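Asks: So here's final_1.cif (mmCIF, C-alpha atoms and all ligand atoms).
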```
data_upload
loop_
_atom_site.group_PDB
_atom_site.id
_atom_site.type_symbol
_atom_site.label_atom_id
_atom_site.label_comp_id
_atom_site.auth_asym_id
_atom_site.auth_seq_id
_atom_site.Cartn_x
_atom_site.Cartn_y
_atom_site.Cartn_z
ATOM 1 C CA MET A 1 -96.532 -6.016 -129.501
ATOM 2 C CA ALA A 2 -97.180 -8.808 -132.016
ATOM 3 C CA THR A 3 -96.772 -12.129 -130.227
ATOM 4 C CA THR A 4 -95.483 -15.402 -131.658
ATOM 5 C CA PRO A 5 -97.745 -18.432 -131.109
ATOM 6 C CA VAL A 6 -95.678 -21.282 -129.668
ATOM 7 C CA PHE A 7 -96.424 -24.959 -129.027
ATOM 8 C CA VAL A 8 -93.991 -26.627 -126.611
ATOM 9 C CA ASP A 9 -93.463 -30.396 -126.355
ATOM 10 C CA VAL A 10 -91.893 -31.345 -123.029
ATOM 11 C CA ASP A 11 -90.781 -34.241 -120.808
ATOM 12 C CA THR A 12 -90.825 -32.048 -117.683
ATOM 13 C CA GLY A 13 -87.903 -32.499 -116.038
ATOM 14 C CA LEU A 14 -85.871 -29.801 -114.465
ATOM 15 C CA ASP A 15 -84.655 -27.928 -117.510
ATOM 16 C CA ASP A 16 -88.025 -28.268 -119.238
ATOM 17 C CA ALA A 17 -89.523 -26.549 -116.185
ATOM 18 C CA LEU A 18 -86.977 -23.728 -116.437
ATOM 19 C CA ALA A 19 -87.706 -23.392 -120.166
ATOM 20 C CA LEU A 20 -91.442 -23.061 -119.452
ATOM 21 C CA ALA A 21 -90.671 -20.448 -116.797
ATOM 22 C CA LEU A 22 -88.458 -18.569 -119.286
ATOM 23 C CA LEU A 23 -91.160 -18.631 -121.960
ATOM 24 C CA SER A 24 -93.774 -17.459 -119.430
ATOM 25 C CA ARG A 25 -91.573 -14.389 -118.847
ATOM 26 C CA THR A 26 -91.014 -13.666 -122.542
ATOM 27 C CA PRO A 27 -93.538 -10.979 -123.575
ATOM 28 C CA GLU A 28 -93.320 -11.665 -127.313
ATOM 29 C CA VAL A 29 -94.421 -15.292 -126.810
ATOM 30 C CA GLU A 30 -97.957 -16.693 -126.634
ATOM 31 C CA ILE A 31 -97.798 -20.344 -125.537
ATOM 32 C CA VAL A 32 -100.894 -21.830 -127.203
ATOM 33 C CA GLY A 33 -100.378 -25.365 -125.938
ATOM 34 C CA VAL A 34 -98.003 -27.744 -124.164
ATOM 35 C CA GLY A 35 -97.688 -31.418 -125.086
ATOM 36 C CA THR A 36 -96.114 -33.937 -122.740
ATOM 37 C CA VAL A 37 -94.164 -37.087 -123.550
ATOM 38 C CA ALA A 38 -92.357 -39.931 -121.801
ATOM 39 C CA GLY A 39 -88.711 -38.944 -121.449
ATOM 40 C CA ASN A 40 -86.931 -37.773 -118.315
ATOM 41 C CA VAL A 41 -89.746 -39.436 -116.392
ATOM 42 C CA PRO A 42 -92.849 -41.441 -117.381
ATOM 43 C CA VAL A 43 -95.535 -39.376 -119.124
ATOM 44 C CA GLY A 44 -97.809 -39.365 -116.062
ATOM 45 C CA PHE A 45 -95.075 -37.553 -114.121
ATOM 46 C CA SER A 46 -94.070 -35.225 -116.958
ATOM 47 C CA THR A 47 -97.733 -34.270 -117.365
ATOM 48 C CA GLU A 48 -98.356 -33.632 -113.672
ATOM 49 C CA ASN A 49 -95.063 -31.736 -113.420
ATOM 50 C CA THR A 50 -96.023 -29.510 -116.346
ATOM 51 C CA LEU A 51 -99.351 -28.603 -114.744
ATOM 52 C CA ARG A 52 -97.604 -27.793 -111.442
ATOM 53 C CA VAL A 53 -94.848 -25.699 -113.026
ATOM 54 C CA LEU A 54 -97.308 -23.658 -115.110
ATOM 55 C CA SER A 55 -99.490 -23.151 -112.047
ATOM 56 C CA TRP A 56 -96.461 -21.978 -110.018
ATOM 57 C CA CYS A 57 -95.788 -19.458 -112.811
ATOM 58 C CA GLY A 58 -99.373 -18.219 -112.475
ATOM 59 C CA ILE A 59 -100.505 -19.875 -115.695
ATOM 60 C CA GLU A 60 -103.805 -21.739 -115.494
ATOM 61 C CA ASP A 61 -105.189 -21.090 -118.987
ATOM 62 C CA ILE A 62 -102.636 -22.744 -121.276
ATOM 63 C CA PRO A 63 -103.916 -26.221 -122.228
ATOM 64 C CA VAL A 64 -101.674 -29.181 -121.358
ATOM 65 C CA TYR A 65 -102.073 -32.266 -123.560
ATOM 66 C CA ARG A 66 -100.823 -35.662 -122.495
ATOM 67 C CA GLY A 67 -98.801 -37.491 -125.169
ATOM 68 C CA ALA A 68 -96.955 -40.697 -125.892
ATOM 69 C CA SER A 69 -96.196 -43.029 -123.012
ATOM 70 C CA ARG A 70 -93.345 -44.791 -124.817
ATOM 71 C CA PRO A 71 -91.053 -44.462 -127.850
ATOM 72 C CA LEU A 72 -92.258 -45.664 -131.273
ATOM 73 C CA VAL A 73 -90.087 -48.791 -131.245
ATOM 74 C CA ALA A 74 -87.119 -48.606 -128.862
ATOM 75 C CA PRO A 75 -87.461 -49.635 -125.208
ATOM 76 C CA TYR A 76 -88.182 -46.615 -122.986
ATOM 77 C CA GLN A 77 -85.455 -45.299 -120.704
ATOM 78 C CA ASP A 78 -85.814 -42.458 -118.209
ATOM 79 C CA ALA A 79 -83.318 -39.911 -116.833
ATOM 80 C CA ALA A 80 -84.408 -40.065 -113.177
ATOM 81 C CA HIS A 81 -80.735 -39.999 -112.120
ATOM 82 C CA VAL A 82 -80.565 -36.388 -113.321
ATOM 83 C CA HIS A 83 -84.102 -35.183 -112.596
ATOM 84 C CA GLY A 84 -85.063 -37.237 -109.549
ATOM 85 C CA GLY A 85 -87.734 -39.923 -109.455
ATOM 86 C CA ASP A 86 -90.510 -37.310 -109.650
ATOM 87 C CA GLY A 87 -88.783 -35.370 -112.450
ATOM 88 C CA LEU A 88 -88.574 -32.130 -110.441
ATOM 89 C CA GLY A 89 -85.719 -32.964 -108.102
ATOM 90 C CA GLY A 90 -88.173 -33.650 -105.285
ATOM 91 C CA ALA A 91 -89.263 -29.988 -105.294
ATOM 92 C CA MET A 92 -92.796 -30.973 -104.217
ATOM 93 C CA LEU A 93 -94.532 -28.061 -105.979
ATOM 94 C CA PRO A 94 -98.177 -27.554 -104.952
ATOM 95 C CA PRO A 95 -100.608 -29.542 -107.115
ATOM 96 C CA SER A 96 -102.409 -27.640 -109.854
ATOM 97 C CA SER A 97 -106.157 -27.209 -109.504
ATOM 98 C CA ARG A 98 -106.798 -28.048 -113.149
ATOM 99 C CA ASN A 99 -106.741 -31.132 -115.377
ATOM 100 C CA ILE A 100 -105.213 -31.888 -118.724
ATOM 101 C CA ALA A 101 -107.105 -31.058 -121.912
ATOM 102 C CA ASP A 102 -109.115 -33.690 -123.781
ATOM 103 C CA PHE A 103 -106.958 -34.192 -126.858
ATOM 104 C CA ALA A 104 -103.754 -36.237 -127.040
ATOM 105 C CA ALA A 105 -100.633 -34.135 -127.640
ATOM 106 C CA PRO A 106 -100.069 -35.137 -131.298
ATOM 107 C CA ASP A 107 -103.677 -34.277 -132.159
ATOM 108 C CA ALA A 108 -103.454 -30.985 -130.257
ATOM 109 C CA LEU A 109 -100.280 -30.050 -132.166
ATOM 110 C CA VAL A 110 -102.032 -30.678 -135.496
ATOM 111 C CA ARG A 111 -105.020 -28.563 -134.391
ATOM 112 C CA ALA A 112 -102.761 -25.707 -133.255
ATOM 113 C CA ALA A 113 -100.779 -25.845 -136.518
ATOM 114 C CA ARG A 114 -103.993 -25.526 -138.519
ATOM 115 C CA GLU A 115 -105.335 -22.724 -136.305
ATOM 116 C CA TYR A 116 -102.112 -20.686 -136.441
ATOM 117 C CA SER A 117 -101.164 -21.842 -139.936
ATOM 118 C CA GLY A 118 -97.868 -20.373 -141.122
ATOM 119 C CA ARG A 119 -97.189 -18.672 -137.761
ATOM 120 C CA LEU A 120 -96.880 -21.455 -135.198
ATOM 121 C CA VAL A 121 -93.393 -22.093 -133.791
ATOM 122 C CA LEU A 122 -92.823 -25.599 -132.409
ATOM 123 C CA ILE A 123 -90.302 -26.078 -129.586
ATOM 124 C CA THR A 124 -89.420 -29.676 -128.710
ATOM 125 C CA LEU A 125 -87.673 -30.317 -125.417
ATOM 126 C CA GLY A 126 -88.041 -34.088 -125.048
ATOM 127 C CA PRO A 127 -87.988 -37.241 -127.152
ATOM 128 C CA LEU A 128 -89.670 -36.640 -130.528
ATOM 129 C CA THR A 129 -92.358 -39.322 -130.256
ATOM 130 C CA ASN A 130 -95.341 -36.930 -130.301
ATOM 131 C CA ILE A 131 -93.993 -35.034 -133.296
ATOM 132 C CA ALA A 132 -93.457 -38.232 -135.288
ATOM 133 C CA ILE A 133 -97.006 -39.369 -134.474
ATOM 134 C CA ALA A 134 -98.394 -35.950 -135.512
ATOM 135 C CA LEU A 135 -96.475 -36.191 -138.815
ATOM 136 C CA SER A 136 -97.904 -39.671 -139.357
ATOM 137 C CA LEU A 137 -101.463 -38.486 -138.646
ATOM 138 C CA TYR A 138 -101.060 -35.332 -140.727
ATOM 139 C CA PRO A 139 -98.012 -35.207 -143.076
ATOM 140 C CA GLU A 140 -99.048 -31.711 -144.160
ATOM 141 C CA LEU A 141 -98.127 -30.541 -140.653
ATOM 142 C CA THR A 142 -94.802 -29.199 -141.979
ATOM 143 C CA GLU A 143 -96.633 -26.763 -144.273
ATOM 144 C CA HIS A 144 -98.423 -25.097 -141.343
ATOM 145 C CA ILE A 145 -95.482 -24.765 -138.957
ATOM 146 C CA HIS A 146 -93.339 -21.650 -139.291
ATOM 147 C CA GLY A 147 -90.263 -23.211 -137.661
ATOM 148 C CA VAL A 148 -89.091 -25.914 -135.276
ATOM 149 C CA SER A 149 -86.459 -25.707 -132.544
ATOM 150 C CA VAL A 150 -85.376 -29.189 -131.409
ATOM 151 C CA MET A 151 -83.382 -29.705 -128.237
ATOM 152 C CA GLY A 152 -81.557 -32.864 -129.214
ATOM 153 C CA GLY A 153 -78.471 -34.485 -130.643
ATOM 154 C CA ALA A 154 -74.708 -34.394 -130.281
ATOM 155 C CA TYR A 155 -73.250 -33.478 -133.683
ATOM 156 C CA ASP A 156 -69.537 -32.838 -133.225
ATOM 157 C CA VAL A 157 -69.291 -33.699 -129.511
ATOM 158 C CA ALA A 158 -69.803 -36.682 -127.212
ATOM 159 C CA GLY A 159 -73.198 -37.742 -125.940
ATOM 160 C CA ASN A 160 -74.619 -37.542 -122.426
ATOM 161 C CA ILE A 161 -76.605 -40.755 -122.049
ATOM 162 C CA THR A 162 -74.050 -42.871 -123.930
ATOM 163 C CA PRO A 163 -70.644 -41.786 -125.245
ATOM 164 C CA VAL A 164 -72.256 -41.079 -128.632
ATOM 165 C CA ALA A 165 -75.925 -40.180 -127.969
ATOM 166 C CA GLU A 166 -77.825 -37.272 -126.439
ATOM 167 C CA PHE A 167 -80.760 -38.327 -124.249
ATOM 168 C CA ASN A 168 -83.793 -36.986 -126.193
ATOM 169 C CA ILE A 169 -82.643 -38.576 -129.436
ATOM 170 C CA TYR A 170 -81.497 -41.769 -127.690
ATOM 171 C CA VAL A 171 -84.928 -42.372 -126.113
ATOM 172 C CA ASP A 172 -86.724 -42.370 -129.473
ATOM 173 C CA PRO A 173 -84.272 -42.627 -132.375
ATOM 174 C CA ASP A 174 -86.943 -43.753 -134.828
ATOM 175 C CA ALA A 175 -89.073 -40.678 -134.132
ATOM 176 C CA ALA A 176 -85.995 -38.475 -134.422
ATOM 177 C CA ASN A 177 -85.161 -39.927 -137.840
ATOM 178 C CA GLN A 178 -88.692 -39.170 -139.048
ATOM 179 C CA VAL A 179 -88.626 -35.613 -137.666
ATOM 180 C CA PHE A 180 -85.214 -34.733 -139.118
ATOM 181 C CA ALA A 181 -86.278 -36.128 -142.513
ATOM 182 C CA ALA A 182 -89.549 -34.152 -142.710
ATOM 183 C CA PRO A 183 -89.718 -31.097 -145.064
ATOM 184 C CA TRP A 184 -90.021 -28.350 -142.392
ATOM 185 C CA ARG A 185 -89.892 -24.727 -143.527
ATOM 186 C CA GLU A 186 -87.152 -24.233 -140.950
ATOM 187 C CA ILE A 187 -85.692 -26.586 -138.343
ATOM 188 C CA VAL A 188 -82.825 -25.857 -135.956
ATOM 189 C CA ALA A 189 -81.123 -28.670 -134.059
ATOM 190 C CA VAL A 190 -79.923 -27.470 -130.650
ATOM 191 C CA GLY A 191 -77.546 -30.175 -129.506
ATOM 192 C CA LEU A 192 -75.015 -30.685 -126.740
ATOM 193 C CA ASP A 193 -72.520 -28.888 -129.002
ATOM 194 C CA VAL A 194 -74.084 -25.646 -127.735
ATOM 195 C CA THR A 195 -76.165 -26.559 -124.672
ATOM 196 C CA HIS A 196 -73.089 -27.842 -122.839
ATOM 197 C CA ARG A 197 -71.771 -24.290 -123.051
ATOM 198 C CA THR A 198 -74.798 -22.724 -121.365
ATOM 199 C CA ILE A 199 -74.451 -23.392 -117.651
ATOM 200 C CA LEU A 200 -76.181 -21.952 -114.609
ATOM 201 C CA PRO A 201 -73.318 -21.747 -112.087
ATOM 202 C CA ARG A 202 -73.766 -22.956 -108.513
ATOM 203 C CA ARG A 203 -73.026 -19.460 -107.176
ATOM 204 C CA GLY A 204 -75.990 -18.071 -109.109
ATOM 205 C CA TRP A 205 -78.262 -20.568 -107.370
ATOM 206 C CA GLU A 206 -76.654 -19.916 -103.964
ATOM 207 C CA GLU A 207 -77.054 -16.153 -104.303
ATOM 208 C CA ALA A 208 -80.730 -16.571 -105.187
ATOM 209 C CA ALA A 209 -81.423 -17.826 -101.648
ATOM 210 C CA GLN A 210 -83.199 -14.571 -100.743
ATOM 211 C CA ALA A 211 -85.030 -14.283 -104.063
ATOM 212 C CA THR A 212 -88.614 -13.024 -103.770
ATOM 213 C CA GLU A 213 -89.804 -13.441 -107.370
ATOM 214 C CA PRO A 214 -91.801 -16.690 -107.759
ATOM 215 C CA VAL A 215 -89.825 -17.754 -110.867
ATOM 216 C CA ALA A 216 -86.536 -17.275 -109.019
ATOM 217 C CA GLN A 217 -87.886 -19.256 -106.090
ATOM 218 C CA LEU A 218 -88.928 -21.958 -108.566
ATOM 219 C CA ALA A 219 -85.336 -22.243 -109.806
ATOM 220 C CA ARG A 220 -84.110 -22.449 -106.214
ATOM 221 C CA LYS A 221 -86.536 -25.275 -105.398
ATOM 222 C CA LEU A 222 -85.967 -27.203 -108.616
ATOM 223 C CA LEU A 223 -82.163 -27.140 -108.354
ATOM 224 C CA ALA A 224 -81.833 -27.827 -104.617
ATOM 225 C CA ARG A 225 -81.099 -31.528 -105.271
ATOM 226 C CA THR A 226 -78.719 -30.732 -108.148
ATOM 227 C CA PHE A 227 -76.586 -28.328 -106.068
ATOM 228 C CA GLY A 228 -77.253 -30.042 -102.722
ATOM 229 C CA GLU A 229 -77.335 -33.825 -102.699
ATOM 230 C CA ARG A 230 -75.691 -34.138 -106.158
ATOM 231 C CA ASP A 231 -73.152 -31.405 -105.349
ATOM 232 C CA MET A 232 -72.885 -30.214 -108.955
ATOM 233 C CA THR A 233 -70.888 -27.100 -109.819
ATOM 234 C CA GLY A 234 -73.271 -26.034 -112.592
ATOM 235 C CA PHE A 235 -76.539 -26.967 -114.320
ATOM 236 C CA TYR A 236 -76.831 -27.323 -118.081
ATOM 237 C CA LEU A 237 -79.560 -25.094 -119.543
ATOM 238 C CA HIS A 238 -80.371 -27.449 -122.436
ATOM 239 C CA ASP A 239 -84.093 -26.743 -122.800
ATOM 240 C CA PRO A 240 -84.063 -23.014 -121.943
ATOM 241 C CA LEU A 241 -81.501 -22.484 -124.720
ATOM 242 C CA ALA A 242 -83.605 -24.371 -127.294
ATOM 243 C CA ALA A 243 -86.630 -22.302 -126.270
ATOM 244 C CA ALA A 244 -84.706 -19.012 -126.501
ATOM 245 C CA ILE A 245 -83.296 -19.895 -129.943
ATOM 246 C CA ALA A 246 -86.822 -20.429 -131.256
ATOM 247 C CA LEU A 247 -87.399 -16.721 -130.628
ATOM 248 C CA ASP A 248 -83.901 -15.394 -131.318
ATOM 249 C CA GLY A 249 -81.830 -17.382 -133.785
ATOM 250 C CA SER A 250 -78.978 -14.892 -133.489
ATOM 251 C CA LEU A 251 -77.921 -16.625 -130.251
ATOM 252 C CA VAL A 252 -76.264 -19.379 -132.311
ATOM 253 C CA LYS A 253 -74.271 -19.973 -135.458
ATOM 254 C CA THR A 254 -75.565 -22.892 -137.537
ATOM 255 C CA GLN A 255 -74.496 -25.132 -140.401
ATOM 256 C CA LYS A 256 -77.033 -26.680 -142.812
ATOM 257 C CA ARG A 257 -76.637 -30.434 -142.606
ATOM 258 C CA ARG A 258 -78.447 -33.657 -143.375
ATOM 259 C CA VAL A 259 -79.060 -35.462 -140.080
ATOM 260 C CA ALA A 260 -79.580 -39.201 -139.621
ATOM 261 C CA VAL A 261 -79.976 -41.124 -136.384
ATOM 262 C CA VAL A 262 -78.636 -44.581 -135.560
ATOM 263 C CA ARG A 263 -81.688 -46.593 -134.505
ATOM 264 C CA ASP A 264 -80.312 -49.409 -132.405
ATOM 265 C CA GLY A 265 -77.306 -51.274 -131.108
ATOM 266 C CA GLU A 266 -74.227 -49.648 -129.566
ATOM 267 C CA GLY A 267 -74.746 -46.494 -131.585
ATOM 268 C CA ARG A 268 -78.444 -46.092 -130.674
ATOM 269 C CA GLY A 269 -79.357 -42.382 -130.760
ATOM 270 C CA ARG A 270 -76.150 -41.219 -132.429
ATOM 271 C CA THR A 271 -76.813 -38.219 -134.699
ATOM 272 C CA THR A 272 -74.665 -38.418 -137.812
ATOM 273 C CA SER A 273 -74.649 -35.348 -140.058
ATOM 274 C CA THR A 274 -73.269 -34.410 -143.460
ATOM 275 C CA ALA A 275 -73.046 -31.005 -145.144
ATOM 276 C CA GLY A 276 -75.722 -29.759 -147.464
ATOM 277 C CA GLY A 277 -79.009 -30.807 -145.853
ATOM 278 C CA ASP A 278 -81.973 -28.810 -144.528
ATOM 279 C CA VAL A 279 -81.380 -29.021 -140.777
ATOM 280 C CA ALA A 280 -79.671 -25.964 -139.265
ATOM 281 C CA VAL A 281 -77.330 -27.600 -136.738
ATOM 282 C CA ALA A 282 -76.232 -25.166 -134.029
ATOM 283 C CA THR A 283 -72.432 -25.178 -133.835
ATOM 284 C CA LYS A 284 -71.636 -22.065 -131.755
ATOM 285 C CA VAL A 285 -73.546 -20.114 -129.111
ATOM 286 C CA ASP A 286 -73.233 -16.686 -127.486
ATOM 287 C CA ALA A 287 -73.373 -18.356 -124.071
ATOM 288 C CA ALA A 288 -72.730 -15.197 -122.050
ATOM 289 C CA ARG A 289 -75.589 -13.332 -123.738
ATOM 290 C CA PHE A 290 -77.978 -16.252 -123.314
ATOM 291 C CA VAL A 291 -77.179 -16.900 -119.625
ATOM 292 C CA ARG A 292 -77.538 -13.184 -118.906
ATOM 293 C CA LEU A 293 -80.928 -13.186 -120.648
ATOM 294 C CA PHE A 294 -81.977 -16.301 -118.695
ATOM 295 C CA ASN A 295 -80.972 -14.796 -115.356
ATOM 296 C CA GLU A 296 -82.727 -11.516 -116.136
ATOM 297 C CA ARG A 297 -85.976 -13.203 -117.177
ATOM 298 C CA LEU A 298 -85.986 -15.489 -114.118
ATOM 299 C CA ALA A 299 -84.959 -12.654 -111.765
ATOM 300 C CA LEU A 300 -81.816 -14.569 -110.764
ATOM 301 C CA PRO A 301 -78.554 -12.844 -109.767
ATOM 302 C CA HIS A 302 -76.147 -12.767 -112.697
ATOM 303 C CA ILE A 303 -72.818 -14.397 -111.933
ATOM 304 C CA ASP A 304 -70.458 -14.057 -114.865
ATOM 305 C CA ASP A 305 -69.160 -17.566 -114.453
ATOM 306 C CA THR A 306 -70.403 -19.539 -117.429
ATOM 307 C CA GLY A 307 -67.124 -21.410 -117.321
ATOM 308 C CA ALA A 308 -68.500 -23.332 -114.333
ATOM 309 C CA ALA A 309 -67.951 -26.904 -115.324
ATOM 310 C CA ALA A 310 -71.100 -28.863 -114.655
ATOM 311 C CA ARG A 311 -69.941 -32.419 -113.934
ATOM 312 C CA PRO A 312 -71.315 -35.111 -116.241
ATOM 313 C CA GLU A 313 -75.022 -35.441 -115.833
HETATM 314 O O1 LIG A 401 -80.039 -34.237 -123.086
HETATM 315 C C1 LIG A 401 -80.752 -33.199 -122.469
HETATM 316 C C2 LIG A 401 -82.211 -33.310 -122.766
HETATM 317 O O2 LIG A 401 -82.712 -34.539 -122.266
HETATM 318 C C3 LIG A 401 -83.049 -32.227 -122.061
HETATM 319 O O3 LIG A 401 -84.194 -31.961 -122.816
HETATM 320 C C4 LIG A 401 -83.418 -32.866 -120.771
HETATM 321 O O4 LIG A 401 -84.623 -32.337 -120.211
HETATM 322 C C5 LIG A 401 -83.656 -34.279 -121.230
HETATM 323 O O5 LIG A 401 -84.973 -34.347 -121.773
HETATM 324 CA CA CA A 402 -86.369 -32.106 -121.735
#
```
If you took the structure in this file and wrote it as structure tokens, what would it be?
Ligand code: RIB
Ligand code: CA
Replies:
Amino acid sequence: MATTPVFVDVDTGLDDALALALLSRTPEVEIVGVGTVAGNVPVGFSTENTLRVLSWCGIEDIPVYRGASRPLVAPYQDAAHVHGGDGLGGAMLPPSSRNIADFAAPDALVRAAREYSGRLVLITLGPLTNIAIALSLYPELTEHIHGVSVMGGAYDVAGNITPVAEFNIYVDPDAANQVFAAPWREIVAVGLDVTHRTILPRRGWEEAAQATEPVAQLARKLLARTFGERDMTGFYLHDPLAAAIALDGSLVKTQKRRVAVVRDGEGRGRTTSTAGGDVAVATKVDAARFVRLFNERLALPHIDDTGAAARPE
């Protein structure tokens, strides 16, 4: 089977971890590199978490590249209230035996784009700082990348970190503006408009208590705080959906729009969009098909309950 080379940029966090697990169980994907960035937690944590999650999934050969420790301009803000102070809900995964690779994440992305020119798919699951730096270092980056799937934005719905902004875009609005304005071959914006419809219900986690597959046990460990201490009824699968869309665009309906991001003030991180641009903004999702795919790939019991309302994050 021909595989698709994929570079993933993460701020590992809980749903980033689940997205990496999903990709590791997707046969048509070859993850050629993972870049880390400050987002859910500081970059030291997101980097260590990424190594530990990949190691738990039996992956020791995919290079992990540490990236930006803060946004381009805006003051950094984390999401520890959702992901826990360590970024993995206190799951205490065993440490990985390996270190990060020598290059910084933006440089590694440029190298991968050149090596897999025309074929590389970029999946971004955190603030877009590394991507903006890579574009600054190497504006021709867009010519080498086949397509980009961005988890970020809130286009026709409310935000999750402020009433108007989604977290990834809020953390680095300047980087997001630069990324959305770049001349990608293809870019899909996977915002809260669709990710808030893809929910792992509490019952699915509860019924995975006897799971034996390591990836299912990973989900159990990662979400213990979410469904225990935080008593949530569901968990939003933001990053796993953005990862899945990169490989199967038929999961969503999109509208081509021009996207701009408010850089500061009350509206910081707000994604405004008008018809007729080059960004494919996801407006509808086949949530049932995606959640079923997610559960199958992570060996989780499938509970047909995507209506589970996950309380505000
Ligand atoms: O708003 C959700 C996004 O912000 C997800 O990528 C989550 O991991 C956080 O980074
Ligand atoms: Ca993320």
Asks: Name the residues that the PyMOL selection byres (((chain A and resi 178) around 10) and not hetatm) picks from the file above, as an MDAnalysis selection string, using the file's chain letters and numbers.
Replies: chainID A and resid 128:129 131:133 135:136 173:177 179:182 260:261
Asks: As a quick test: using all atoms listed in the file, which residues lie no more than 9 Å away from ligand CA 402 (chain A)? Give them as a VMD selection string.
Replies: chain A and resid 9 to 17 19 39 to 40 124 to 127 151 to 152 167 to 168 238 to 239
Asks: Starting from the displayed file, determine the output of the PyMOL selection byres (((chain A and resi 269) around 8) and not hetatm) and express the residue list as a PyMOL selection string.
Replies: chain A and resi 153+164-167+169-173+261-264+267-268+270-271
Asks: For segment 51-54 of chain A, please output as a list in words all residues within 9 Å (counting all atoms listed in the file; exclusion window: fewer than 4 positions along the same chain).
Replies: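 The neighbour list is Thr12, Ala17, Leu18, Leu20, Ala21, Ser24, Ser46, Thr47, Gly58, Ile59, Glu60, Ile62, Val64, Leu93, Pro94, Pro95, Ser96, Ser97, Arg98, Asn99, Ile100 and Leu218 of chain A.
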Asks: Go ahead and save the picked residues with C-alpha atoms, as a compact mmCIF listing (two decimals), in the coordinates of the input.
Replies:
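Written output follows (again24.txt):
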```txt
# COMPACT_ATOMS: atom_id res chain seq x y z
CA THR A 12 -90.82 -32.05 -117.68
CA ALA A 17 -89.52 -26.55 -116.18
CA LEU A 18 -86.98 -23.73 -116.44
CA LEU A 20 -91.44 -23.06 -119.45
CA ALA A 21 -90.67 -20.45 -116.80
CA SER A 24 -93.77 -17.46 -119.43
CA SER A 46 -94.07 -35.22 -116.96
CA THR A 47 -97.73 -34.27 -117.36
CA GLY A 58 -99.37 -18.22 -112.48
CA ILE A 59 -100.50 -19.88 -115.70
CA GLU A 60 -103.80 -21.74 -115.49
CA ILE A 62 -102.64 -22.74 -121.28
CA VAL A 64 -101.67 -29.18 -121.36
CA LEU A 93 -94.53 -28.06 -105.98
CA PRO A 94 -98.18 -27.55 -104.95
CA PRO A 95 -100.61 -29.54 -107.12
CA SER A 96 -102.41 -27.64 -109.85
CA SER A 97 -106.16 -27.21 -109.50
CA ARG A 98 -106.80 -28.05 -113.15
CA ASN A 99 -106.74 -31.13 -115.38
CA ILE A 100 -105.21 -31.89 -118.72
CA LEU A 218 -88.93 -21.96 -108.57
```
Asks: So, counting only C-alpha atoms and all ligand atoms, which residue among A:Glu266, A:Glu213, A:Asp86, A:Glu313 is closest to ligand LIG 401 (chain A)?
Replies: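 Using only C-alpha atoms and all ligand atoms, the shortest distance to ligand LIG 401 (chain A) belongs to A:Glu313.
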Asks: Using all atoms listed in the file, which residue out of A:Gly118, A:Gly249, A:Gly89, A:Gly159 lies closest to ligand LIG 401 (chain A)?
Replies: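 Among the listed residues, A:Gly159 lies closest to ligand LIG 401 (chain A).
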Asks: My list of candidates is A:His83, A:Arg66, A:Lys221, A:His144. Which is closest to Val110 of chain A when distances are computed with only C-alpha atoms?
Replies: A:His144
Asks: Interatomic distance between atom CA of Tyr116 of chain A and atom CA of Val6 of chain A?
Replies: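 Calculated distance between atom CA of Tyr116 of chain A and atom CA of Val6 of chain A is 9.4 Å.
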Asks: Determine, counting all atoms listed in the file, which protein, DNA and RNA residues have an atom within 9 Å of an atom of Leu23 of chain A; residues of the same chain fewer than 5 positions away are not included. Present the result as a list in words.
Replies: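 After dropping sequence-adjacent residues, the list is Leu18, Val29, Glu30, Ile31, Pro240, Ala243, Ala244 and Arg297 of chain A.
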Asks: Could you tell me which of A:Ser117, A:Thr226, A:Asn295, A:Thr26 comes closest to Gly90 of chain A if we count all atoms listed in the file?
Replies: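 Using all atoms listed in the file, the shortest distance to Gly90 of chain A belongs to A:Thr226.
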